[in-house]
Structure formats: C-alpha cells, structure tokens
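A.B. asks: One structure follows; several queries about it will come next.
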Amino acid sequence: MRAYRMTATGTARLVELPPPPIGPDQVRLQVLAAGVCHSDLHVLDAPAAMWEPPFTLGHEICGTVTDLGAGTDPGLLGRQVVVHAPYGCGRCRRCASGATNDCDRRRELPAGLGLGVDGGMADEIAVDAARLVDADGLDPAEAAALTDAGLTSYRAVAGSVDLLGDPGAVAVVIGVGGLGHLAVGVLRALTGARVVAVDTR
Ligand SMILES: [Zn+2]
Ligand SMILES: [Zn+2]
C-alpha cells in the first residue's frame with residue numbers, strides 16, 4: 001500500500017509498505033480521506049520524543065471498515081467511520097475527563113495516530129475499534145476534518161452553550177480560518193445565538 005511517512009526531521013516521503021496487521025480489538029480501515037492539519041507542519045519541522053520518525057502522517061481519518069480483529073463487533077464491517085486519533089495514558093485525571101489530547105504524560109508517550117504512531121495518510125490503517133465514531137452518509141473529506149478541526153471548535157463552543165441560550169445572546173468568533181469557520185457552524189447547530197465572525201482578511 002502507499003503511505004506518506006515522516007522519515008526524518010523535515011522530510012516526508014510517499015513510500016510502499018505492506019498492509020498493517022490488525023491486533024485484537026482492532027479493525028482495518030480502507031482510508032477514504034485523511035486531512036492535512038497545520039500541526040503536521042510542526043510535527044515535520046520540530047520532532048519531539050512523542051513523534052519520533054519514522055511513522056505515517058495523518059491524524060484526521062475517515063475510512064471504511066474492511067477487516068475485524070478478534071473481539072470486535074461484526075456489525076462494524078462495511079461501516080464508514082472517523083477515528084479519534086489522540087492517544088493518552090488512559091489513567092490520568094485529564095484522560096479520565098476525556099481530554100486524551102491533553103494527557104499529563106503527553107510529552108513521554110506517542111501523541112497518537114499520525115503523531116508518532118502510523119496514521120491515516122495511507123491506503124489502509126489498523127486502529128483500535130474503541131477509537132471509531134460512526135460517519136455513515138457524510139462526505140469523507142468533510143468528516144475527516146471534523147475529528148480535529150471540528151472537535152477543537154466544538155469543545156470551545158460546548159463549554160459556553162449555557163451562556164448562549166439567552167434571548168439576545170451574541171457569540172463573536174475571532175479568526176475565520178481552519179477552526180473558526182467550523183466554530184461558526186457549531187454555534188449555529190448548538191445555539192440560537194447571533195454569530196458575529198471577524199477576520200483581518
Ligand atoms: Zn491536527
Ligand atoms: Zn493521561
């Protein structure tokens with residue numbers, strides 16, 4: 001299969017690799033779309049212990065389940081899914097609250113799929129079934145970006161939903177780039193607030 005891998009600091013190459021084996025509680029995905037995130041530039045240019053090369057890039061992933069590892073739900077076969085890529089130790093206070101991207105041990109452990117562990121810029125990927133979120137019926141390219149850019153914006157808005165339910169509530173989005181334009185959509189979906197978005201361009 002093809003895989004776009006970070007092979008050394010500042011270097012990524014399209015290479016041929018054997019398809020990844022799947023372990024217990026994992027599934028294999030045929031990748032339909034993988035987002036390019038601004039973080040990928042930081043990963044390429046400033047490698048840290050948590051994203052030691054070589055590994056396949058891509059932490060915004062949408063694909064179809066094509067193979068099931070032992071112990072996984074047979075109903076997953078053929079489903080279109082997106083993947084929650086950030087790892088975490090799974091034990092610290094932040095991981096327990098769901099913020100695996102902000103794990104207390106994030107400087108010591110691989111940060112996630114495409115961030116030190118083989119990610120989604122490949123024809124196929126093996127992932128833990130517990131990381132899958134149903135995405136049937138969504139455009140794969142749009143769905144992939146929801147897992148990172150969308151989730152980041154969602155988190156910013158979700159913490160303020162109670163403040164934005166009042167009549168006359170106004171939300172201001174400062175910066176309408178890769179995250180901000182999604183914040184506008186999330187605000188419209190979750191709140192009745194008037195949305196004002198500003199940008200220098
Ligand atoms: Zn990202
Ligand atoms: Zn943790």
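A note on labels: chains of the structure tokens are A, B, ... as shown, every chain counts residues from 1, and ligands are counted from 1 in their shown order.
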Using only C-alpha atoms, determine which residues lie at most 7 Å from range 19-30 of chain A, disregarding the query and same-chain residues fewer than 2 positions distant; provide the list as a list in words.

C.D. replies: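 Counting only C-alpha atoms, the residues come to Met1, Leu17, Leu32, Gly63, Thr64, Val65, Thr66, Asp67, Leu68, Gly69, Ala70, Gly71, Thr72, Asp123, Glu124, Ile125, Ala126, Val127, Asp128 and Ala129 of chain A.
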
A.B. asks: Next, the residues of the selection above should be written as a compact mmCIF listing (two decimals), in the first residue's frame with C-alpha atoms.

C.D. replies:
# COMPACT_ATOMS: atom_id res chain seq x y z
CA MET A 1 0.00 0.00 0.00
CA LEU A 17 4.56 -0.62 2.70
CA LEU A 32 -11.28 7.29 2.16
CA GLY A 63 -12.44 5.20 6.21
CA THR A 64 -14.45 2.05 5.68
CA VAL A 65 -14.04 -0.97 7.99
CA THR A 66 -12.74 -3.85 5.84
CA ASP A 67 -11.35 -6.35 8.41
CA LEU A 68 -12.15 -7.24 12.00
CA GLY A 69 -9.68 -8.22 14.71
CA ALA A 70 -10.57 -10.71 17.44
CA GLY A 71 -13.14 -9.40 19.88
CA THR A 72 -14.58 -6.65 17.67
CA ASP A 123 -4.34 3.26 1.74
CA GLU A 124 -5.02 1.26 4.91
CA ILE A 125 -4.65 1.65 8.68
CA ALA A 126 -5.13 -0.60 11.71
CA VAL A 127 -6.94 1.14 14.58
CA ASP A 128 -8.50 0.27 17.93
CA ALA A 129 -12.24 -0.24 17.48

A.B. asks: At a cut-off of 8 Å around ligand 2, and using only C-alpha atoms and all ligand atoms, what residues come up? Please write them as JSON, numbers by chain.

C.D. replies: {"A": [88, 89, 90, 91, 92, 93, 94, 95, 96, 100, 102, 103, 104, 105, 106]}

A.B. asks: Could those selected residues go to a file with all heavy atoms, as an mmCIF file, in the first residue's frame?

C.D. replies:
data_model
loop_
_atom_site.group_PDB
_atom_site.id
_atom_site.type_symbol
_atom_site.label_atom_id
_atom_site.label_comp_id
_atom_site.auth_asym_id
_atom_site.auth_seq_id
_atom_site.Cartn_x
_atom_site.Cartn_y
_atom_site.Cartn_z
ATOM 1 N N GLY A 88 -3.411 8.835 24.839
ATOM 2 C CA GLY A 88 -3.254 9.336 26.181
ATOM 3 C C GLY A 88 -2.940 8.126 27.018
ATOM 4 O O GLY A 88 -3.065 6.991 26.531
ATOM 5 N N CYS A 89 -2.514 8.348 28.253
ATOM 6 C CA CYS A 89 -2.176 7.194 29.092
ATOM 7 C C CYS A 89 -3.437 6.430 29.490
ATOM 8 O O CYS A 89 -3.377 5.256 29.817
ATOM 9 C CB CYS A 89 -1.404 7.652 30.329
ATOM 10 S SG CYS A 89 -2.418 8.569 31.511
ATOM 11 N N GLY A 90 -4.586 7.125 29.461
ATOM 12 C CA GLY A 90 -5.843 6.489 29.836
ATOM 13 C C GLY A 90 -6.072 6.422 31.326
ATOM 14 O O GLY A 90 -7.126 5.940 31.767
ATOM 15 N N ARG A 91 -5.132 6.929 32.116
ATOM 16 C CA ARG A 91 -5.253 6.784 33.566
ATOM 17 C C ARG A 91 -5.253 8.114 34.321
ATOM 18 O O ARG A 91 -5.744 8.180 35.426
ATOM 19 C CB ARG A 91 -4.088 5.948 34.100
ATOM 20 C CG ARG A 91 -4.115 4.521 33.597
ATOM 21 C CD ARG A 91 -3.119 3.651 34.310
ATOM 22 N NE ARG A 91 -2.869 2.439 33.543
ATOM 23 C CZ ARG A 91 -1.928 2.320 32.628
ATOM 24 N NH1 ARG A 91 -1.109 3.327 32.382
ATOM 25 N NH2 ARG A 91 -1.787 1.195 31.963
ATOM 26 N N CYS A 92 -4.656 9.150 33.728
ATOM 27 C CA CYS A 92 -4.517 10.411 34.479
ATOM 28 C C CYS A 92 -5.868 11.133 34.553
ATOM 29 O O CYS A 92 -6.838 10.743 33.913
ATOM 30 C CB CYS A 92 -3.446 11.289 33.848
ATOM 31 S SG CYS A 92 -3.935 12.036 32.294
ATOM 32 N N ARG A 93 -5.885 12.215 35.334
ATOM 33 C CA ARG A 93 -7.129 12.958 35.549
ATOM 34 C C ARG A 93 -7.666 13.508 34.227
ATOM 35 O O ARG A 93 -8.863 13.462 33.957
ATOM 36 C CB ARG A 93 -6.858 14.090 36.543
ATOM 37 C CG ARG A 93 -8.067 14.858 37.004
ATOM 38 C CD ARG A 93 -7.678 15.873 38.062
ATOM 39 N NE ARG A 93 -6.577 16.724 37.621
ATOM 40 C CZ ARG A 93 -6.724 17.813 36.859
ATOM 41 N NH1 ARG A 93 -7.913 18.172 36.461
ATOM 42 N NH2 ARG A 93 -5.670 18.522 36.498
ATOM 43 N N ARG A 94 -6.775 14.044 33.379
ATOM 44 C CA ARG A 94 -7.237 14.632 32.118
ATOM 45 C C ARG A 94 -7.782 13.558 31.176
ATOM 46 O O ARG A 94 -8.806 13.758 30.536
ATOM 47 C CB ARG A 94 -6.091 15.394 31.451
ATOM 48 C CG ARG A 94 -5.732 16.685 32.178
ATOM 49 C CD ARG A 94 -4.804 17.513 31.317
ATOM 50 N NE ARG A 94 -4.535 18.811 31.885
ATOM 51 C CZ ARG A 94 -3.392 19.139 32.478
ATOM 52 N NH1 ARG A 94 -2.421 18.264 32.596
ATOM 53 N NH2 ARG A 94 -3.213 20.351 32.963
ATOM 54 N N CYS A 95 -7.079 12.405 31.103
ATOM 55 C CA CYS A 95 -7.599 11.315 30.269
ATOM 56 C C CYS A 95 -8.965 10.863 30.769
ATOM 57 O O CYS A 95 -9.874 10.618 29.969
ATOM 58 C CB CYS A 95 -6.634 10.135 30.265
ATOM 59 S SG CYS A 95 -5.218 10.359 29.172
ATOM 60 N N ALA A 96 -9.114 10.798 32.099
ATOM 61 C CA ALA A 96 -10.384 10.340 32.672
ATOM 62 C C ALA A 96 -11.523 11.289 32.308
ATOM 63 O O ALA A 96 -12.679 10.873 32.198
ATOM 64 C CB ALA A 96 -10.264 10.216 34.191
ATOM 65 N N THR A 100 -7.878 13.231 26.218
ATOM 66 C CA THR A 100 -6.685 12.408 25.985
ATOM 67 C C THR A 100 -5.608 13.182 25.220
ATOM 68 O O THR A 100 -4.430 12.846 25.299
ATOM 69 C CB THR A 100 -7.039 11.138 25.201
ATOM 70 O OG1 THR A 100 -7.726 11.517 24.012
ATOM 71 C CG2 THR A 100 -7.912 10.215 26.011
ATOM 72 N N ASP A 102 -4.668 16.030 25.966
ATOM 73 C CA ASP A 102 -4.011 16.897 26.938
ATOM 74 C C ASP A 102 -3.492 16.065 28.117
ATOM 75 O O ASP A 102 -3.317 16.566 29.223
ATOM 76 C CB ASP A 102 -5.030 17.940 27.432
ATOM 77 C CG ASP A 102 -4.356 19.190 27.971
ATOM 78 O OD1 ASP A 102 -3.175 19.406 27.645
ATOM 79 O OD2 ASP A 102 -5.014 19.931 28.720
ATOM 80 N N CYS A 103 -3.219 14.775 27.845
ATOM 81 C CA CYS A 103 -2.777 13.828 28.884
ATOM 82 C C CYS A 103 -1.582 14.368 29.672
ATOM 83 O O CYS A 103 -0.691 15.008 29.107
ATOM 84 C CB CYS A 103 -2.399 12.520 28.197
ATOM 85 S SG CYS A 103 -1.598 11.312 29.253
ATOM 86 N N ASP A 104 -1.555 14.084 30.972
ATOM 87 C CA ASP A 104 -0.428 14.512 31.810
ATOM 88 C C ASP A 104 0.905 13.956 31.299
ATOM 89 O O ASP A 104 1.958 14.531 31.553
ATOM 90 C CB ASP A 104 -0.628 14.024 33.251
ATOM 91 C CG ASP A 104 -1.698 14.819 33.975
ATOM 92 O OD1 ASP A 104 -2.085 15.900 33.476
ATOM 93 O OD2 ASP A 104 -2.154 14.350 35.044
ATOM 94 N N ARG A 105 0.854 12.814 30.601
ATOM 95 C CA ARG A 105 2.094 12.167 30.138
ATOM 96 C C ARG A 105 2.310 12.375 28.642
ATOM 97 O O ARG A 105 3.007 11.601 27.991
ATOM 98 C CB ARG A 105 2.043 10.677 30.479
ATOM 99 C CG ARG A 105 1.963 10.423 31.982
ATOM 100 C CD ARG A 105 2.007 8.951 32.280
ATOM 101 N NE ARG A 105 3.250 8.352 31.815
ATOM 102 C CZ ARG A 105 3.404 7.040 31.572
ATOM 103 N NH1 ARG A 105 2.394 6.220 31.736
ATOM 104 N NH2 ARG A 105 4.559 6.582 31.160
ATOM 105 N N ARG A 106 1.715 13.423 28.074
ATOM 106 C CA ARG A 106 1.749 13.593 26.618
ATOM 107 C C ARG A 106 3.147 13.888 26.093
ATOM 108 O O ARG A 106 3.379 13.788 24.896
ATOM 109 C CB ARG A 106 0.755 14.671 26.171
ATOM 110 C CG ARG A 106 1.075 16.076 26.642
ATOM 111 C CD ARG A 106 -0.110 17.005 26.339
ATOM 112 N NE ARG A 106 0.157 18.371 26.784
ATOM 113 C CZ ARG A 106 0.073 18.785 28.030
ATOM 114 N NH1 ARG A 106 -0.249 17.937 28.993
ATOM 115 N NH2 ARG A 106 0.322 20.041 28.342
#

A.B. asks: Counting only C-alpha atoms, which residue out of A:Val83, A:Leu14, A:Val195, A:Ala145 sits closest to Ala130 in chain A?

C.D. replies: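 Distance minimum relative to Ala130 in chain A lands on A:Val83.
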
A.B. asks: Using DSSP secondary structure from the backbone, list all strand (DSSP E) positions within chain A, as an MDAnalysis selection string.

C.D. replies: chainID A and resid 2:8 11:16 26:34 55:56 61:68 80:83 112:113 116:117 124:128 132:134 170:174 194:198

A.B. asks: Can you build me a table of chain A residues sitting at most 9 Å from ligand 1, with the closest atom pair per residue and its distance in Å to one decimal, using only C-alpha atoms and all ligand atoms, sorted by chain and residue number, as a tab-separated table?

C.D. replies:
residue	atom	partner	partner_atom_place_in_ligand_line	distance
A:Gly35	CA	ligand 1	1 (Zn)	8.4
A:Val36	CA	ligand 1	1 (Zn)	7.7
A:Cys37	CA	ligand 1	1 (Zn)	4.6
A:His38	CA	ligand 1	1 (Zn)	6.3
A:Ser39	CA	ligand 1	1 (Zn)	4.9
A:Asp40	CA	ligand 1	1 (Zn)	6.8
A:Gly58	CA	ligand 1	1 (Zn)	8.4
A:His59	CA	ligand 1	1 (Zn)	6.4
A:Glu60	CA	ligand 1	1 (Zn)	7.0
A:Ala145	CA	ligand 1	1 (Zn)	8.7
A:Thr147	CA	ligand 1	1 (Zn)	8.7
A:Asp148	CA	ligand 1	1 (Zn)	5.5
A:Ala149	CA	ligand 1	1 (Zn)	6.7

A.B. asks: For C-alpha atoms, I'd like the residues from the last selection saved as a PDB file, in the first residue's frame.

C.D. replies:
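Listed below is the output, out14.pdb:
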ATOM      1  CA  GLY A  35      -6.882  15.658   6.447  1.00  0.00           C
ATOM      2  CA  VAL A  36      -3.760  17.780   6.343  1.00  0.00           C
ATOM      3  CA  CYS A  37      -3.572  19.750   9.598  1.00  0.00           C
ATOM      4  CA  HIS A  38      -1.436  22.786  10.379  1.00  0.00           C
ATOM      5  CA  SER A  39       0.002  20.654  13.216  1.00  0.00           C
ATOM      6  CA  ASP A  40       1.558  18.401  10.576  1.00  0.00           C
ATOM      7  CA  GLY A  58      -2.356  11.808   9.194  1.00  0.00           C
ATOM      8  CA  HIS A  59      -4.421  12.321  12.350  1.00  0.00           C
ATOM      9  CA  GLU A  60      -7.726  13.291  10.664  1.00  0.00           C
ATOM     10  CA  ALA A 145     -11.622  17.255   9.324  1.00  0.00           C
ATOM     11  CA  THR A 147     -12.218  14.799  14.087  1.00  0.00           C
ATOM     12  CA  ASP A 148      -9.658  17.531  14.779  1.00  0.00           C
ATOM     13  CA  ALA A 149     -10.544  20.988  13.450  1.00  0.00           C
TER      14      ALA A 149
END

A.B. asks: So, with only C-alpha atoms as the atoms that count, which of A:Ile61, A:Val133, A:Val172, A:Val184 lies closest to Val196 in chain A?

C.D. replies: A:Val172
